[in-house]
Amino acid sequence: MRWWQRSLVGRFIVFILAALIAGQAIAFWISTGQRETAVRQTIQSDFINRTTALSKVLDAVPPDVRRTILIASSTGYARFWLTDQDPTQNALSWYETAKAYLSLSVEDLARSPSPDPKKPMYGGITPQSGLPQSDVTDWQRVEAEFALSNAHYLYFSGYEGMGVVGRLDDGTWLNAAYYKPTSTSLWSSQSLLSVGITAIVLSLIGILVARQIARPLQQLTGSAEALGRGEAIRLTPPAGPDDIRQLYEAFDRMQIRLHRFVDDRTRMLAAIGHDLRTPLTILRLRAEFIADPAIQAKILATVDEMQAITEATLTFAKNEATQESTRTIDIAALLASLCDDLAELGHKVEFKDSERISYRCRPDNLKRAVRNLIENALRYAGNATVAVERNSNALEITVEDHGPGIPPDETDRVFEPFYRLESSRNRESGGVGLGLSITRAVARQHGGDVTLSPNQPGLRAVVSLPIE
């Protein structure tokens, strides 16, 4: 997964920058044509006005100083010269002459006679070298009021160059040509700097906005994790958008409904258990009056089994609805003390030493769940080995034995309430079938789970608990 997809802040910034770049690109693309037209019209209008002013000066001075004025009026991108023939008769011939003049620097132009179009001297810029002849447009007459008589203009080099000709008062023709590529790229250093500054400002704003959105979501995530572990946390809606506040209020309502549902079920099971105790007691008393000892023993055994199932069901329900507070403990010390207690009772229980591991949990419930696994191993294997290990993702509590084990196709079904195997783990040697169900319920209340796998020989039970 890309880095920006892993957080709301990253996605927010990427989307803002993408929108900025797309918007700027579209705006630049739309304005490029208009900008090019406006720039060229400004340059061309200025060039025509300059040529007009030059024609007035040439009409007012003696012919022997005109060449000096023409050279002095030339710039790095413009050239002026006089001809006796009408240049509008052949646009391509005029274009070759213009190339020759534009190819000379102003200094070379002052030192040389009129350049030969067929043998241009490339002493300065060479803007037109290699251009196709078809790039020249036809002459067009200047319709506006113009000081030059019979003034015409044409374009060349993709409208980057322009030529203007007109007849002076003495019948000679003034020729003017310029070539100056206009910068049409809007991605200049100035525009890039502007976009960069805008992107930085928008990114900072995006980070602030995204964090304001992400912070309550992170708090809600922590509360949801706590709710999954059975903790009741009442959230206070933050001051902010109505959407976030409504989400917090909905989460609180969900917590109330869940706890109400569990409480109602617990009360119902408690009522059922209480109501069952009375008829079971009556059955036990009536069984005492049965004369046949064999029948009496069978009935009393059935009553005892019903009593055990009722008590186990109530214990299972109470464990799911427990309100034990969550606190941080040393999980290794908790398991070591549990194993020591069972070892003092004469059971073969071994705990593999482990370093101190701090973990936030409900200790009594977790201790009861591991105790069920150990007692299960002792009942069917006579021994149990307990270990705890912390890795990068989870805390794993392992209980191993060397007994008969469980068939692979039964490893999921044994977690069902009241389910008991018909082989070695039968009704005579086992309980009522709620031990593993209680263990899985406790593990899942902590956000984890329990898995069973073959130990070859025996069974390996692993309680995986998430690390915050």
# chains A, B, ... in the order shown; residues from 1 in each chain; ligands from 1
$ select_by_dssp --residues "segment 186-422 of chain A" --states "strand (DSSP E)" --output "ChimeraX atom specification"
/A:327-330,348-351,358-361,383-390,394-400
$ atom_distance --atom1 "atom CA of Trp173 of chain A" --atom2 "atom CA of Gly158 of chain A"
25.1 Å
$ residues_around --residues "Ala369 of chain A" --least-positions-apart "5" --cutoff "12 Å" --atoms "only C-alpha atoms" --output "ChimeraX atom specification"
/A:316,319-320,335,338,362-364,374-376,397-399,434-446,449-450,461-463
$ write_last_selection --atoms "C-alpha atoms" --output "short mmCIF file (atom, residue, chain, number, x, y, z; two decimals), in the first residue's frame"
data_model
loop_
_atom_site.label_atom_id
_atom_site.label_comp_id
_atom_site.auth_asym_id
_atom_site.auth_seq_id
_atom_site.Cartn_x
_atom_site.Cartn_y
_atom_site.Cartn_z
CA PHE A 316 -21.09 -18.98 31.56
CA ASN A 319 -18.62 -14.58 32.83
CA GLU A 320 -19.78 -12.95 29.58
CA LEU A 335 0.32 -17.33 35.03
CA LEU A 338 -1.75 -19.98 38.74
CA ARG A 362 -9.27 -8.22 33.23
CA PRO A 363 -7.07 -10.50 35.36
CA ASP A 364 -9.73 -12.67 37.02
CA ILE A 374 -4.91 -26.24 32.17
CA GLU A 375 -7.63 -28.28 33.91
CA ASN A 376 -8.71 -29.61 30.53
CA ILE A 397 -0.39 -17.87 26.02
CA THR A 398 0.29 -21.52 25.21
CA VAL A 399 -0.97 -24.60 27.10
CA LEU A 434 -18.67 -25.23 28.80
CA GLY A 435 -14.98 -24.88 29.73
CA LEU A 436 -13.66 -24.16 26.24
CA SER A 437 -16.69 -21.98 25.45
CA ILE A 438 -15.94 -19.83 28.49
CA THR A 439 -12.26 -19.62 27.51
CA ARG A 440 -13.04 -18.47 23.98
CA ALA A 441 -15.62 -15.97 25.27
CA VAL A 442 -13.03 -14.43 27.62
CA ALA A 443 -10.39 -14.30 24.87
CA ARG A 444 -12.76 -12.63 22.45
CA GLN A 445 -13.85 -10.14 25.10
CA HIS A 446 -10.18 -9.10 25.17
CA ASP A 449 -9.17 -15.73 20.22
CA VAL A 450 -8.28 -19.33 21.10
CA ALA A 461 -4.03 -24.50 22.90
CA VAL A 462 -2.97 -20.92 22.14
CA VAL A 463 -4.72 -17.84 23.55
#
$ closest_residue --among "A:Arg257, A:Ser45, A:Gly163, A:Pro216" --to "Glu96 of chain A" --atoms "only C-alpha atoms"
A:Gly163
$ select_by_dssp --residues "segment 204-276 of chain A" --states "alpha helix (DSSP H)" --output "short mmCIF file (atom, residue, chain, number, x, y, z; two decimals) with N, CA and C atoms, in the first residue's frame"
data_model
loop_
_atom_site.label_atom_id
_atom_site.label_comp_id
_atom_site.auth_asym_id
_atom_site.auth_seq_id
_atom_site.Cartn_x
_atom_site.Cartn_y
_atom_site.Cartn_z
N LEU A 204 -0.29 22.71 4.55
CA LEU A 204 -0.36 23.01 5.98
C LEU A 204 -1.81 23.09 6.45
N ILE A 205 -2.63 23.76 5.64
CA ILE A 205 -4.06 23.83 6.00
C ILE A 205 -4.67 22.44 5.99
N GLY A 206 -4.30 21.63 4.97
CA GLY A 206 -4.83 20.26 4.90
C GLY A 206 -4.42 19.42 6.09
N ILE A 207 -3.16 19.58 6.56
CA ILE A 207 -2.72 18.83 7.72
C ILE A 207 -3.53 19.21 8.96
N LEU A 208 -3.75 20.51 9.15
CA LEU A 208 -4.53 20.96 10.31
C LEU A 208 -5.96 20.43 10.24
N VAL A 209 -6.58 20.55 9.06
CA VAL A 209 -7.97 20.09 8.93
C VAL A 209 -8.06 18.58 9.09
N ALA A 210 -7.13 17.85 8.45
CA ALA A 210 -7.18 16.39 8.53
C ALA A 210 -6.94 15.91 9.96
N ARG A 211 -6.05 16.58 10.68
CA ARG A 211 -5.82 16.18 12.06
C ARG A 211 -7.02 16.45 12.94
N GLN A 212 -7.70 17.56 12.67
CA GLN A 212 -8.92 17.84 13.44
C GLN A 212 -9.97 16.77 13.19
N ILE A 213 -9.99 16.23 11.96
CA ILE A 213 -10.94 15.16 11.66
C ILE A 213 -10.46 13.83 12.20
N ALA A 214 -9.14 13.58 12.06
CA ALA A 214 -8.59 12.28 12.45
C ALA A 214 -8.53 12.10 13.96
N ARG A 215 -8.32 13.19 14.71
CA ARG A 215 -8.16 13.06 16.16
C ARG A 215 -9.40 12.44 16.81
N PRO A 216 -10.61 12.96 16.57
CA PRO A 216 -11.78 12.30 17.18
C PRO A 216 -12.00 10.88 16.65
N LEU A 217 -11.60 10.63 15.38
CA LEU A 217 -11.74 9.27 14.85
C LEU A 217 -10.78 8.32 15.56
N GLN A 218 -9.57 8.79 15.87
CA GLN A 218 -8.63 7.96 16.62
C GLN A 218 -9.16 7.67 18.02
N GLN A 219 -9.75 8.68 18.65
CA GLN A 219 -10.35 8.45 19.96
C GLN A 219 -11.48 7.45 19.88
N LEU A 220 -12.27 7.56 18.81
CA LEU A 220 -13.38 6.62 18.63
C LEU A 220 -12.85 5.21 18.38
N THR A 221 -11.74 5.11 17.64
CA THR A 221 -11.13 3.79 17.41
C THR A 221 -10.69 3.15 18.71
N GLY A 222 -10.03 3.93 19.58
CA GLY A 222 -9.63 3.41 20.88
C GLY A 222 -10.83 2.98 21.72
N SER A 223 -11.90 3.76 21.65
CA SER A 223 -13.11 3.40 22.41
C SER A 223 -13.74 2.13 21.86
N ALA A 224 -13.72 1.97 20.53
CA ALA A 224 -14.27 0.76 19.94
C ALA A 224 -13.46 -0.48 20.35
N GLU A 225 -12.11 -0.32 20.39
CA GLU A 225 -11.28 -1.43 20.85
C GLU A 225 -11.59 -1.76 22.30
N ALA A 226 -11.76 -0.74 23.11
CA ALA A 226 -12.08 -0.98 24.52
C ALA A 226 -13.44 -1.65 24.66
N LEU A 227 -14.41 -1.24 23.85
CA LEU A 227 -15.72 -1.87 23.88
C LEU A 227 -15.62 -3.33 23.48
N GLY A 228 -14.77 -3.62 22.48
CA GLY A 228 -14.58 -5.01 22.07
C GLY A 228 -13.97 -5.87 23.16
N ASP A 242 -20.98 18.62 12.95
CA ASP A 242 -22.12 17.83 13.41
C ASP A 242 -21.95 16.35 13.07
N ASP A 243 -21.28 16.05 11.96
CA ASP A 243 -21.11 14.65 11.56
C ASP A 243 -20.31 13.88 12.61
N ILE A 244 -19.21 14.48 13.10
CA ILE A 244 -18.40 13.81 14.12
C ILE A 244 -19.18 13.70 15.42
N ARG A 245 -19.88 14.75 15.79
CA ARG A 245 -20.66 14.71 17.04
C ARG A 245 -21.74 13.65 16.97
N GLN A 246 -22.43 13.56 15.84
CA GLN A 246 -23.46 12.54 15.69
C GLN A 246 -22.88 11.13 15.72
N LEU A 247 -21.65 10.97 15.18
CA LEU A 247 -20.99 9.66 15.23
C LEU A 247 -20.70 9.26 16.67
N TYR A 248 -20.22 10.19 17.47
CA TYR A 248 -19.96 9.91 18.89
C TYR A 248 -21.26 9.54 19.61
N GLU A 249 -22.31 10.30 19.37
CA GLU A 249 -23.58 10.02 20.03
C GLU A 249 -24.13 8.66 19.62
N ALA A 250 -23.97 8.31 18.33
CA ALA A 250 -24.42 6.99 17.86
C ALA A 250 -23.62 5.88 18.53
N PHE A 251 -22.31 6.11 18.71
CA PHE A 251 -21.48 5.10 19.37
C PHE A 251 -21.92 4.91 20.82
N ASP A 252 -22.22 5.99 21.51
CA ASP A 252 -22.70 5.88 22.90
C ASP A 252 -24.02 5.13 22.96
N ARG A 253 -24.92 5.42 22.02
CA ARG A 253 -26.20 4.71 22.01
C ARG A 253 -26.00 3.23 21.74
N MET A 254 -25.04 2.91 20.86
CA MET A 254 -24.76 1.50 20.58
C MET A 254 -24.24 0.79 21.82
N GLN A 255 -23.34 1.46 22.58
CA GLN A 255 -22.84 0.85 23.81
C GLN A 255 -23.98 0.56 24.78
N ILE A 256 -24.86 1.53 24.92
CA ILE A 256 -25.98 1.35 25.86
C ILE A 256 -26.85 0.17 25.44
N ARG A 257 -27.13 0.07 24.13
CA ARG A 257 -27.96 -1.04 23.65
C ARG A 257 -27.28 -2.38 23.86
N LEU A 258 -25.95 -2.45 23.59
CA LEU A 258 -25.24 -3.71 23.77
C LEU A 258 -25.24 -4.15 25.23
N HIS A 259 -24.91 -3.23 26.13
CA HIS A 259 -24.89 -3.59 27.55
C HIS A 259 -26.30 -3.92 28.05
N ARG A 260 -27.29 -3.23 27.53
CA ARG A 260 -28.67 -3.54 27.93
C ARG A 260 -29.06 -4.94 27.46
N PHE A 261 -28.63 -5.29 26.25
CA PHE A 261 -28.95 -6.61 25.72
C PHE A 261 -28.29 -7.70 26.56
N VAL A 262 -27.00 -7.50 26.87
CA VAL A 262 -26.30 -8.50 27.68
C VAL A 262 -26.90 -8.60 29.08
N ASP A 263 -27.22 -7.47 29.66
CA ASP A 263 -27.82 -7.49 31.00
C ASP A 263 -29.17 -8.19 31.00
N ASP A 264 -29.98 -7.91 29.98
CA ASP A 264 -31.30 -8.57 29.90
C ASP A 264 -31.15 -10.07 29.75
N ARG A 265 -30.15 -10.49 28.93
CA ARG A 265 -29.97 -11.93 28.76
C ARG A 265 -29.47 -12.57 30.04
N THR A 266 -28.58 -11.86 30.76
CA THR A 266 -28.07 -12.41 32.02
C THR A 266 -29.18 -12.54 33.05
N ARG A 267 -30.02 -11.51 33.13
CA ARG A 267 -31.13 -11.58 34.09
C ARG A 267 -32.10 -12.71 33.72
N MET A 268 -32.31 -12.88 32.40
CA MET A 268 -33.21 -13.95 31.98
C MET A 268 -32.65 -15.31 32.35
N LEU A 269 -31.33 -15.52 32.09
CA LEU A 269 -30.72 -16.80 32.44
C LEU A 269 -30.72 -17.02 33.95
N ALA A 270 -30.48 -15.93 34.69
CA ALA A 270 -30.50 -16.06 36.15
C ALA A 270 -31.89 -16.44 36.64
N ALA A 271 -32.91 -15.85 36.03
CA ALA A 271 -34.28 -16.19 36.42
C ALA A 271 -34.61 -17.64 36.08
N ILE A 272 -34.14 -18.08 34.89
CA ILE A 272 -34.39 -19.46 34.51
C ILE A 272 -33.70 -20.42 35.49
N GLY A 273 -32.41 -20.07 35.81
CA GLY A 273 -31.69 -20.93 36.77
C GLY A 273 -32.36 -20.97 38.13
N HIS A 274 -32.85 -19.80 38.57
CA HIS A 274 -33.53 -19.76 39.87
C HIS A 274 -34.82 -20.56 39.84
N ASP A 275 -35.57 -20.45 38.74
CA ASP A 275 -36.83 -21.18 38.64
C ASP A 275 -36.59 -22.68 38.50
N LEU A 276 -35.45 -23.07 37.89
CA LEU A 276 -35.17 -24.50 37.74
C LEU A 276 -34.75 -25.15 39.06
#
$ closest_residue --among "A:Leu109, A:Gln41, A:Arg79, A:Thr172" --to "Asp59 of chain A" --atoms "only C-alpha atoms"
A:Thr172
$ residues_around --residues "Ile71 of chain A" --least-positions-apart "5" --cutoff "12 Å" --atoms "only C-alpha atoms" --output "list of chain:residue names"
A:Leu54, A:Val65, A:Arg66, A:Gly76, A:Ala78, A:Arg79, A:Phe80, A:Trp81, A:Leu82, A:Tyr101, A:Leu104, A:Ser105, A:Val106, A:Glu107, A:Asp108, A:Leu109, A:Ala110, A:Arg111, A:Ser112, A:Pro113, A:Ser114, A:Ala176
$ write_last_selection --atoms "C-alpha atoms" --output "PDB file, in the first residue's frame"
ATOM      1  CA  LEU A  54      10.480  55.710 -38.543  1.00  0.00           C
ATOM      2  CA  VAL A  65      21.594  59.942 -43.658  1.00  0.00           C
ATOM      3  CA  ARG A  66      18.769  57.412 -44.018  1.00  0.00           C
ATOM      4  CA  GLY A  76      18.545  42.611 -31.555  1.00  0.00           C
ATOM      5  CA  ALA A  78      14.354  44.072 -35.661  1.00  0.00           C
ATOM      6  CA  ARG A  79      15.947  45.197 -38.948  1.00  0.00           C
ATOM      7  CA  PHE A  80      15.078  48.063 -41.326  1.00  0.00           C
ATOM      8  CA  TRP A  81      16.201  48.666 -44.946  1.00  0.00           C
ATOM      9  CA  LEU A  82      15.139  50.471 -48.093  1.00  0.00           C
ATOM     10  CA  TYR A 101      19.331  41.051 -42.488  1.00  0.00           C
ATOM     11  CA  LEU A 104      23.645  39.965 -39.138  1.00  0.00           C
ATOM     12  CA  SER A 105      24.474  41.711 -35.926  1.00  0.00           C
ATOM     13  CA  VAL A 106      23.966  45.459 -35.775  1.00  0.00           C
ATOM     14  CA  GLU A 107      27.772  45.970 -35.785  1.00  0.00           C
ATOM     15  CA  ASP A 108      28.267  43.813 -38.896  1.00  0.00           C
ATOM     16  CA  LEU A 109      25.341  45.545 -40.554  1.00  0.00           C
ATOM     17  CA  ALA A 110      27.000  48.926 -40.024  1.00  0.00           C
ATOM     18  CA  ARG A 111      30.325  47.731 -41.492  1.00  0.00           C
ATOM     19  CA  SER A 112      28.943  45.904 -44.538  1.00  0.00           C
ATOM     20  CA  PRO A 113      26.957  46.945 -47.563  1.00  0.00           C
ATOM     21  CA  SER A 114      23.480  45.663 -48.162  1.00  0.00           C
ATOM     22  CA  ALA A 176      10.844  46.280 -41.589  1.00  0.00           C
TER      23      ALA A 176
END
$ closest_residue --among "A:Leu102, A:Leu465, A:Ser337, A:Gly405" --to "Asn391 of chain A" --atoms "only C-alpha atoms"
A:Leu465
$ closest_residue --among "A:Phe418, A:Trp139, A:Phe351, A:Tyr179" --to "Ser157 of chain A" --atoms "only C-alpha atoms"
A:Tyr179
$ residues_around --residues "Gln307 of chain A" --least-positions-apart "2" --cutoff "12 Å" --atoms "only C-alpha atoms" --output "PDB file with C-alpha atoms, in the first residue's frame"
ATOM      1  CA  GLY A 273     -31.694 -20.928  36.766  1.00  0.00           C
ATOM      2  CA  HIS A 274     -33.527 -19.761  39.874  1.00  0.00           C
ATOM      3  CA  ASP A 275     -36.826 -21.182  38.645  1.00  0.00           C
ATOM      4  CA  LEU A 276     -35.173 -24.505  37.742  1.00  0.00           C
ATOM      5  CA  ARG A 277     -33.718 -24.949  41.215  1.00  0.00           C
ATOM      6  CA  THR A 278     -37.192 -25.363  42.771  1.00  0.00           C
ATOM      7  CA  PRO A 279     -38.431 -28.219  40.523  1.00  0.00           C
ATOM      8  CA  LEU A 280     -35.010 -29.871  40.740  1.00  0.00           C
ATOM      9  CA  THR A 281     -35.212 -29.776  44.529  1.00  0.00           C
ATOM     10  CA  LEU A 283     -37.528 -34.003  42.076  1.00  0.00           C
ATOM     11  CA  ARG A 284     -34.699 -34.792  44.462  1.00  0.00           C
ATOM     12  CA  LEU A 300     -30.749 -38.746  41.440  1.00  0.00           C
ATOM     13  CA  ALA A 301     -27.869 -38.919  38.908  1.00  0.00           C
ATOM     14  CA  THR A 302     -30.067 -37.277  36.293  1.00  0.00           C
ATOM     15  CA  VAL A 303     -31.079 -34.560  38.754  1.00  0.00           C
ATOM     16  CA  ASP A 304     -27.421 -33.958  39.641  1.00  0.00           C
ATOM     17  CA  GLU A 305     -26.523 -33.668  35.987  1.00  0.00           C
ATOM     18  CA  ILE A 309     -25.755 -27.989  33.683  1.00  0.00           C
ATOM     19  CA  THR A 310     -27.885 -25.240  35.234  1.00  0.00           C
ATOM     20  CA  GLU A 311     -25.050 -23.971  37.411  1.00  0.00           C
ATOM     21  CA  ALA A 312     -22.571 -24.092  34.501  1.00  0.00           C
ATOM     22  CA  THR A 313     -24.975 -22.165  32.290  1.00  0.00           C
ATOM     23  CA  LEU A 314     -25.329 -19.441  34.898  1.00  0.00           C
ATOM     24  CA  VAL A 432     -20.721 -30.349  30.991  1.00  0.00           C
TER      25      VAL A 432
END
$ atom_distance --atom1 "atom CA of Asn365 of chain A" --atom2 "atom CA of Gln456 of chain A"
29.5 Å
